[in-house]
Amino acid sequence: MSFPTKLKELRQARGLTPEQLAELIEINPRTYKSYESGKTKPGINIFKKIVIALETTADELLEI
């Protein structure tokens with residue numbers, strides 16, 4: 001499973017909208033949506049915030 005697909009799956013499993021997650025990680029919703037669409041990838045600092053907000057691990061998010 002690709003990173004964008006796993007990101008969306010985990011977000012939905014936590015009952016969050018893209019806008020809610022963007023607010024939690026303190027970024028613009030448009031930027032967050034670009035991660036789910038696969039247009040861009042988050043930097044390490046935002047990636048860490050996503051992991052914390054989704055209460056997951058980097059391994060699970062990246063499917064390592």
# chains A, B, ... in the order shown; residues from 1 in each chain; ligands from 1

$ residues_around --residues "Arg14 (chain A)" --least-positions-apart "6" --cutoff "10 Å" --atoms "only C-alpha atoms" --output "PyMOL selection string"
chain A and resi 8+21+53-55

$ write_last_selection --atoms "all heavy atoms" --output "short mmCIF file (atom, residue, chain, number, x, y, z; two decimals), in the first residue's frame"
data_model
loop_
_atom_site.label_atom_id
_atom_site.label_comp_id
_atom_site.auth_asym_id
_atom_site.auth_seq_id
_atom_site.Cartn_x
_atom_site.Cartn_y
_atom_site.Cartn_z
N LYS A 8 -4.48 8.10 4.27
CA LYS A 8 -5.92 8.31 4.22
C LYS A 8 -6.65 7.26 5.04
O LYS A 8 -7.58 7.57 5.79
CB LYS A 8 -6.40 8.26 2.77
CG LYS A 8 -7.88 8.52 2.62
CD LYS A 8 -8.28 8.56 1.16
CE LYS A 8 -9.76 8.86 1.01
NZ LYS A 8 -10.14 8.94 -0.41
N LEU A 21 -7.37 16.92 10.55
CA LEU A 21 -5.99 16.47 10.72
C LEU A 21 -5.02 17.60 10.39
O LEU A 21 -4.03 17.80 11.10
CB LEU A 21 -5.70 15.23 9.88
CG LEU A 21 -4.32 14.63 10.06
CD1 LEU A 21 -3.98 14.36 11.52
CD2 LEU A 21 -4.17 13.36 9.24
N ALA A 53 -0.43 12.62 15.75
CA ALA A 53 -1.86 12.93 15.63
C ALA A 53 -2.69 11.69 15.33
O ALA A 53 -3.82 11.55 15.81
CB ALA A 53 -2.08 13.99 14.55
N LEU A 54 -2.13 10.77 14.54
CA LEU A 54 -2.86 9.55 14.18
C LEU A 54 -2.64 8.41 15.18
O LEU A 54 -3.15 7.31 14.99
CB LEU A 54 -2.47 9.09 12.77
CG LEU A 54 -2.89 10.02 11.64
CD1 LEU A 54 -2.39 9.50 10.30
CD2 LEU A 54 -4.40 10.20 11.62
N GLU A 55 -1.85 8.70 16.22
CA GLU A 55 -1.56 7.71 17.25
C GLU A 55 -1.09 6.39 16.64
O GLU A 55 -1.60 5.31 16.93
CB GLU A 55 -2.79 7.49 18.14
CG GLU A 55 -3.24 8.74 18.84
CD GLU A 55 -4.53 8.56 19.62
OE1 GLU A 55 -5.14 7.48 19.57
OE2 GLU A 55 -4.94 9.53 20.28
#

$ select_by_dssp --residues "chain A" --states "alpha helix (DSSP H)" --output "JSON, numbers by chain"
{"A": [3, 4, 5, 6, 7, 8, 9, 10, 11, 12, 13, 18, 19, 20, 21, 22, 23, 24, 29, 30, 31, 32, 33, 34, 35, 36, 37, 44, 45, 46, 47, 48, 49, 50, 51, 52, 53, 58, 59, 60, 61, 62]}

$ write_last_selection --atoms "C-alpha atoms" --output "PDB file, in the first residue's frame"
ATOM      1  CA  PHE A   3       2.000   6.182   1.648  1.00  0.00           C
ATOM      2  CA  PRO A   4      -0.942   8.358   0.465  1.00  0.00           C
ATOM      3  CA  THR A   5      -3.347   5.415   0.664  1.00  0.00           C
ATOM      4  CA  LYS A   6      -2.157   4.375   4.122  1.00  0.00           C
ATOM      5  CA  LEU A   7      -2.307   7.977   5.330  1.00  0.00           C
ATOM      6  CA  LYS A   8      -5.925   8.306   4.216  1.00  0.00           C
ATOM      7  CA  GLU A   9      -6.837   4.915   5.685  1.00  0.00           C
ATOM      8  CA  LEU A  10      -5.376   5.770   9.101  1.00  0.00           C
ATOM      9  CA  ARG A  11      -6.986   9.212   9.113  1.00  0.00           C
ATOM     10  CA  GLN A  12     -10.393   7.750   8.318  1.00  0.00           C
ATOM     11  CA  ALA A  13      -9.942   5.021  10.927  1.00  0.00           C
ATOM     12  CA  PRO A  18      -8.562  16.062   6.121  1.00  0.00           C
ATOM     13  CA  GLU A  19      -9.274  19.519   7.520  1.00  0.00           C
ATOM     14  CA  GLN A  20      -9.289  18.286  11.122  1.00  0.00           C
ATOM     15  CA  LEU A  21      -5.993  16.472  10.724  1.00  0.00           C
ATOM     16  CA  ALA A  22      -4.448  19.491   9.001  1.00  0.00           C
ATOM     17  CA  GLU A  23      -5.488  21.608  11.972  1.00  0.00           C
ATOM     18  CA  LEU A  24      -4.005  19.101  14.431  1.00  0.00           C
ATOM     19  CA  PRO A  29      -5.635  21.750   4.564  1.00  0.00           C
ATOM     20  CA  ARG A  30      -4.613  22.125   0.920  1.00  0.00           C
ATOM     21  CA  THR A  31      -1.077  21.069   1.819  1.00  0.00           C
ATOM     22  CA  TYR A  32      -2.363  18.062   3.732  1.00  0.00           C
ATOM     23  CA  LYS A  33      -4.594  17.025   0.828  1.00  0.00           C
ATOM     24  CA  SER A  34      -1.540  17.080  -1.437  1.00  0.00           C
ATOM     25  CA  TYR A  35      -0.021  14.377   0.793  1.00  0.00           C
ATOM     26  CA  GLU A  36      -3.086  12.140   0.434  1.00  0.00           C
ATOM     27  CA  SER A  37      -3.185  12.706  -3.315  1.00  0.00           C
ATOM     28  CA  ILE A  44      10.295  14.973   8.614  1.00  0.00           C
ATOM     29  CA  ASN A  45       8.843  17.458  11.126  1.00  0.00           C
ATOM     30  CA  ILE A  46       5.350  17.273   9.648  1.00  0.00           C
ATOM     31  CA  PHE A  47       5.686  13.497   9.309  1.00  0.00           C
ATOM     32  CA  LYS A  48       6.367  13.285  13.053  1.00  0.00           C
ATOM     33  CA  LYS A  49       3.283  15.403  13.774  1.00  0.00           C
ATOM     34  CA  ILE A  50       1.166  13.114  11.577  1.00  0.00           C
ATOM     35  CA  VAL A  51       2.403  10.023  13.421  1.00  0.00           C
ATOM     36  CA  ILE A  52       1.530  11.601  16.769  1.00  0.00           C
ATOM     37  CA  ALA A  53      -1.858  12.928  15.630  1.00  0.00           C
ATOM     38  CA  ALA A  58       6.315   5.557  11.497  1.00  0.00           C
ATOM     39  CA  ASP A  59       6.642   1.872  10.630  1.00  0.00           C
ATOM     40  CA  GLU A  60       2.886   1.428  10.380  1.00  0.00           C
ATOM     41  CA  LEU A  61       2.434   4.576   8.329  1.00  0.00           C
ATOM     42  CA  LEU A  62       5.230   3.601   5.958  1.00  0.00           C
TER      43      LEU A  62
END
